[in-house]
file final_4.txt (compact mmCIF, C-alpha atoms and all ligand atoms)
# COMPACT_ATOMS: atom_id res chain seq x y z
CA MET A 1 -3.50 -52.08 232.12
CA GLU A 2 -5.07 -48.65 231.73
CA TYR A 3 -4.46 -45.40 233.55
CA ILE A 4 -6.66 -42.35 233.70
CA CYS A 5 -5.13 -39.10 232.48
CA ARG A 6 -5.94 -36.42 235.05
CA ILE A 7 -6.27 -33.74 232.35
CA CYS A 8 -8.48 -35.34 229.68
CA ASN A 9 -9.91 -37.89 232.15
CA GLN A 10 -9.71 -40.67 229.59
CA PRO A 11 -8.53 -44.18 230.44
CA ARG A 12 -5.41 -44.76 228.36
CA PRO A 13 -3.11 -47.72 227.87
CA GLU A 14 0.39 -47.56 229.28
CA SER A 15 1.72 -46.87 225.77
CA ALA A 16 -0.09 -43.52 225.77
CA PHE A 17 2.29 -42.30 228.46
CA THR A 18 5.96 -41.50 228.43
CA GLU A 19 7.98 -42.10 231.56
CA LYS A 20 7.80 -38.41 232.39
CA SER A 21 4.15 -37.94 231.51
CA HIS A 22 3.31 -41.07 233.48
CA SER A 23 4.76 -39.62 236.66
CA LEU A 24 2.68 -36.50 236.01
CA HIS A 25 -0.46 -38.60 235.41
CA THR A 26 -0.96 -36.97 232.03
CA CYS A 27 -1.08 -38.79 228.72
CA LYS A 28 1.45 -37.85 226.02
CA LYS A 29 -1.14 -35.83 224.16
CA CYS A 30 -1.99 -33.67 227.16
CA ASN A 31 1.63 -33.39 228.20
CA ILE A 32 2.91 -31.82 224.98
CA LEU A 33 0.70 -28.77 224.98
CA PRO A 34 2.52 -26.31 227.24
CA ASN A 35 1.84 -23.51 224.76
CA LEU A 36 -1.87 -24.07 225.19
CA ARG A 37 -1.72 -23.75 228.93
CA THR A 38 -4.81 -22.33 230.41
CA GLU A 39 -5.44 -21.15 233.92
CA GLU A 40 -7.36 -24.40 234.44
CA ARG A 41 -4.37 -26.48 233.42
CA ASN A 42 -2.02 -24.50 235.66
CA GLN A 43 -4.32 -24.89 238.62
CA LEU A 44 -4.83 -28.61 238.02
CA ASP A 45 -1.05 -29.00 237.97
CA GLU A 46 -0.76 -26.96 241.14
CA ILE A 47 -3.30 -29.21 242.91
CA PHE A 48 -1.53 -32.36 241.72
CA LYS A 49 1.82 -31.08 242.98
CA ILE A 50 0.30 -30.50 246.42
CA PHE A 51 -1.13 -34.03 246.37
CA ILE A 52 2.20 -35.70 245.62
CA GLN A 53 4.19 -33.80 248.24
CA THR A 54 5.40 -35.78 251.25
CA ARG A 55 3.07 -33.74 253.42
CA VAL A 56 0.31 -31.22 252.72
CA SER A 57 1.12 -28.07 254.72
CA HIS A 58 -1.27 -25.62 256.34
CA LYS A 59 -0.49 -23.12 253.59
CA ASP A 60 -1.38 -25.72 250.94
CA THR A 61 -4.65 -26.43 252.75
CA VAL A 62 -5.57 -22.75 252.61
CA ARG A 63 -4.74 -22.70 248.91
CA LEU A 64 -6.85 -25.83 248.27
CA LYS A 65 -9.81 -24.20 250.03
CA THR A 66 -9.55 -21.24 247.67
CA LEU A 67 -9.29 -23.50 244.61
CA ALA A 68 -12.21 -25.65 245.83
CA ASN A 69 -14.37 -22.54 245.40
CA SER A 70 -13.24 -22.06 241.82
CA LYS A 71 -15.91 -21.53 239.16
CA ASP A 72 -14.07 -24.08 237.04
CA PRO A 73 -15.80 -27.38 237.88
CA LYS A 74 -12.73 -29.56 237.31
CA VAL A 75 -10.43 -27.37 239.40
CA SER A 76 -13.06 -27.19 242.12
CA LEU A 77 -13.55 -30.99 242.09
CA HIS A 78 -9.83 -31.83 242.21
CA ALA A 79 -9.16 -29.25 244.94
CA ALA A 80 -12.10 -30.48 247.05
CA LEU A 81 -10.95 -34.10 246.74
CA ILE A 82 -7.36 -33.33 247.71
CA LEU A 83 -8.53 -31.07 250.51
CA GLU A 84 -10.63 -33.90 251.92
CA VAL A 85 -7.72 -36.33 251.61
CA SER A 86 -5.26 -33.94 253.21
CA GLN A 87 -7.54 -33.41 256.19
CA LEU A 88 -7.80 -37.16 256.72
CA ARG A 89 -4.19 -37.94 255.91
CA PRO A 90 -1.75 -35.06 255.34
CA TYR A 91 1.19 -37.45 254.95
CA LYS A 92 1.66 -39.17 251.64
CA LYS A 93 3.24 -42.32 253.05
CA GLY A 94 0.70 -45.15 253.27
CA ARG A 95 -2.06 -42.77 252.24
CA HIS A 96 -3.54 -44.83 249.46
CA ALA A 97 -3.86 -48.00 251.51
CA PHE A 98 -5.35 -45.94 254.34
CA LEU A 99 -7.98 -44.44 252.02
CA GLU A 100 -8.81 -47.75 250.36
CA LYS A 101 -9.34 -49.36 253.74
CA ASN A 102 -11.20 -46.57 255.55
CA TYR A 103 -12.64 -44.34 252.83
CA PRO A 104 -13.14 -46.54 249.75
CA ASP A 105 -15.58 -44.08 248.13
CA LEU A 106 -13.05 -41.28 248.35
CA ALA A 107 -10.25 -43.54 247.08
CA GLN A 108 -12.47 -44.41 244.13
CA LYS A 109 -13.16 -40.75 243.31
CA ILE A 110 -9.45 -39.97 243.42
CA GLU A 111 -8.76 -42.81 241.01
CA GLU A 112 -11.54 -41.67 238.67
CA ALA A 113 -10.07 -38.16 238.62
CA GLY A 114 -6.74 -39.66 237.49
CA LEU A 115 -4.98 -38.45 240.63
CA ALA A 116 -3.88 -41.88 241.89
CA TYR A 117 -2.90 -45.06 240.12
CA PRO A 118 -3.43 -47.80 242.70
CA GLN A 119 -2.17 -50.56 240.38
CA TYR A 120 0.99 -48.59 239.85
CA ILE A 121 1.48 -47.91 243.56
CA LYS A 122 1.05 -51.60 244.35
CA ALA A 123 3.33 -52.70 241.52
CA SER A 124 6.12 -50.33 242.49
CA SER A 125 6.00 -51.13 246.20
CA ASP A 126 6.47 -54.89 245.66
ZN ZN B 1 -4.75 -36.78 228.51
call {"tool": "encode", "arguments": {"input": "final_4.txt", "output": "structure tokens", "more": "lines below"}}
Ligand SMILES: [Zn+2]
result
Amino acid sequence: MEYICRICNQPRPESAFTEKSHSLHTCKKCNILPNLRTEERNQLDEIFKIFIQTRVSHKDTVRLKTLANSKDPKVSLHAALILEVSQLRPYKKGRHAFLEKNYPDLAQKIEEAGLAYPQYIKASSD
């Protein structure tokens, strides 16, 4: 089974993740470079943290709108995706199944960006 790292966007086998990096959706390689943190990396992390909260607040939505206008294409893409998701479904619970059923294209984009691991969600909820 492969997972997409949300930083390098490469599909990686499970062995490329540690338990911690897996929960962050970053492969080991991307996870061990805190000294090379760029503004892009910090903003991508910020967006991911908003996405995995129980609920996306109004304040977070405002922040996502700002980041969606970023000149950085990856930050802008991730922020726009999470903004769209949060407007459809601010609550995390049951969100993935909801998106897969009603907005499969959006669910697919989120998976391709490495923001959601549907296999993992299904496996852990069994
Ligand atoms: Zn990576």
call {"tool": "residues_near_ligand", "arguments": {"input": "final_4.txt", "ligand": "ligand ZN 1 (chain B)", "cutoff": "6 Å", "atoms": "only C-alpha atoms and all ligand atoms", "output": "short mmCIF file (atom, residue, chain, number, x, y, z; two decimals) with C-alpha atoms, in the coordinates of the input"}}
result
data_model
loop_
_atom_site.label_atom_id
_atom_site.label_comp_id
_atom_site.auth_asym_id
_atom_site.auth_seq_id
_atom_site.Cartn_x
_atom_site.Cartn_y
_atom_site.Cartn_z
CA CYS A 5 -5.13 -39.10 232.48
CA ILE A 7 -6.27 -33.74 232.35
CA CYS A 8 -8.48 -35.34 229.68
CA THR A 26 -0.96 -36.97 232.03
CA CYS A 27 -1.08 -38.79 228.72
CA LYS A 29 -1.14 -35.83 224.16
CA CYS A 30 -1.99 -33.67 227.16
#
call {"tool": "closest_residue", "arguments": {"input": "final_4.txt", "among": "A:Lys49, A:His96, A:Lys74, A:Lys28", "to": "Gln108 of chain A", "atoms": "only C-alpha atoms"}}
result
A:His96
call {"tool": "closest_residue", "arguments": {"input": "final_4.txt", "among": "A:Asn102, A:Thr18, A:Gln43, A:Ser57", "to": "Ala79 of chain A", "atoms": "all atoms listed in the file"}}
result
A:Gln43
call {"tool": "atom_distance", "arguments": {"input": "final_4.txt", "atom1": "atom CA of Pro118 of chain A", "atom2": "atom CA of Thr61 of chain A"}}
result
23.6 Å
call {"tool": "atom_distance", "arguments": {"input": "final_4.txt", "atom1": "atom CA of Asn42 of chain A", "atom2": "atom CA of Tyr3 of chain A"}}
result
21.1 Å
call {"tool": "closest_residue", "arguments": {"input": "final_4.txt", "among": "A:Gln10, A:Glu2, A:Ala113, A:Val56", "to": "Tyr91 of chain A", "atoms": "only C-alpha atoms"}}
result
A:Val56
call {"tool": "residues_around", "arguments": {"input": "final_4.txt", "residues": "Glu40 of chain A", "least_positions_apart": "6", "cutoff": "10 Å", "atoms": "only C-alpha atoms", "output": "list of chain:residue names"}}
result
A:Ile7, A:Glu46, A:Ser70, A:Asp72, A:Pro73, A:Lys74, A:Val75, A:Ser76
call {"tool": "decode", "arguments": {"input": "final_4.txt", "residues": "segment 69-99 of chain A", "atoms": "N, CA and C atoms", "output": "compact mmCIF listing (two decimals), in the first residue's frame"}}
result
# COMPACT_ATOMS: atom_id res chain seq x y z
N ASN A 69 -4.86 32.74 -1.88
CA ASN A 69 -4.38 33.77 -2.82
C ASN A 69 -2.87 33.87 -2.84
N SER A 70 -2.20 32.92 -2.19
CA SER A 70 -0.74 32.94 -2.14
C SER A 70 -0.15 32.83 -3.55
N LYS A 71 1.03 33.42 -3.72
CA LYS A 71 1.72 33.30 -5.01
C LYS A 71 2.37 31.92 -5.14
N ASP A 72 2.53 31.25 -4.02
CA ASP A 72 3.10 29.90 -4.03
C ASP A 72 2.01 28.94 -4.52
N PRO A 73 2.24 28.28 -5.66
CA PRO A 73 1.16 27.46 -6.24
C PRO A 73 0.71 26.30 -5.36
N LYS A 74 1.64 25.71 -4.61
CA LYS A 74 1.27 24.57 -3.78
C LYS A 74 0.45 25.02 -2.56
N VAL A 75 0.88 26.11 -1.95
CA VAL A 75 0.14 26.66 -0.81
C VAL A 75 -1.26 27.07 -1.27
N SER A 76 -1.32 27.74 -2.41
CA SER A 76 -2.59 28.20 -2.94
C SER A 76 -3.52 27.03 -3.25
N LEU A 77 -2.97 25.96 -3.84
CA LEU A 77 -3.77 24.77 -4.16
C LEU A 77 -4.31 24.10 -2.89
N HIS A 78 -3.43 23.85 -1.94
CA HIS A 78 -3.85 23.17 -0.71
C HIS A 78 -4.90 24.01 0.04
N ALA A 79 -4.65 25.32 0.13
CA ALA A 79 -5.60 26.19 0.85
C ALA A 79 -6.95 26.21 0.14
N ALA A 80 -6.94 26.27 -1.19
CA ALA A 80 -8.20 26.32 -1.94
C ALA A 80 -8.98 25.01 -1.76
N LEU A 81 -8.27 23.88 -1.77
CA LEU A 81 -8.93 22.59 -1.58
C LEU A 81 -9.57 22.49 -0.21
N ILE A 82 -8.81 22.87 0.83
CA ILE A 82 -9.34 22.75 2.19
C ILE A 82 -10.45 23.77 2.44
N LEU A 83 -10.33 24.92 1.80
CA LEU A 83 -11.39 25.92 1.91
C LEU A 83 -12.68 25.36 1.32
N GLU A 84 -12.58 24.74 0.17
CA GLU A 84 -13.76 24.16 -0.48
C GLU A 84 -14.38 23.07 0.41
N VAL A 85 -13.51 22.21 0.93
CA VAL A 85 -13.98 21.14 1.81
C VAL A 85 -14.67 21.72 3.04
N SER A 86 -14.05 22.73 3.65
CA SER A 86 -14.57 23.25 4.91
C SER A 86 -15.92 23.94 4.69
N GLN A 87 -16.13 24.48 3.49
CA GLN A 87 -17.41 25.11 3.23
C GLN A 87 -18.52 24.07 3.00
N LEU A 88 -18.13 22.90 2.50
CA LEU A 88 -19.09 21.83 2.31
C LEU A 88 -19.33 21.06 3.60
N ARG A 89 -18.25 20.91 4.37
CA ARG A 89 -18.28 20.04 5.54
C ARG A 89 -17.25 20.51 6.57
N PRO A 90 -17.63 21.50 7.41
CA PRO A 90 -16.66 22.00 8.40
C PRO A 90 -16.24 20.96 9.43
N TYR A 91 -17.12 19.99 9.70
CA TYR A 91 -16.79 18.99 10.72
C TYR A 91 -16.01 17.84 10.12
N LYS A 92 -15.01 17.40 10.85
CA LYS A 92 -14.14 16.34 10.35
C LYS A 92 -14.85 14.98 10.32
N LYS A 93 -15.69 14.75 11.33
CA LYS A 93 -16.32 13.44 11.47
C LYS A 93 -17.14 13.08 10.22
N GLY A 94 -16.85 11.93 9.65
CA GLY A 94 -17.60 11.46 8.49
C GLY A 94 -17.33 12.23 7.22
N ARG A 95 -16.35 13.14 7.26
CA ARG A 95 -16.11 14.02 6.12
C ARG A 95 -15.67 13.26 4.87
N HIS A 96 -14.76 12.31 5.08
CA HIS A 96 -14.22 11.66 3.89
C HIS A 96 -15.28 10.86 3.14
N ALA A 97 -16.10 10.14 3.89
CA ALA A 97 -17.17 9.36 3.25
C ALA A 97 -18.15 10.29 2.55
N PHE A 98 -18.43 11.42 3.20
CA PHE A 98 -19.33 12.42 2.62
C PHE A 98 -18.78 12.93 1.28
N LEU A 99 -17.50 13.25 1.26
CA LEU A 99 -16.89 13.77 0.02
C LEU A 99 -16.85 12.70 -1.06
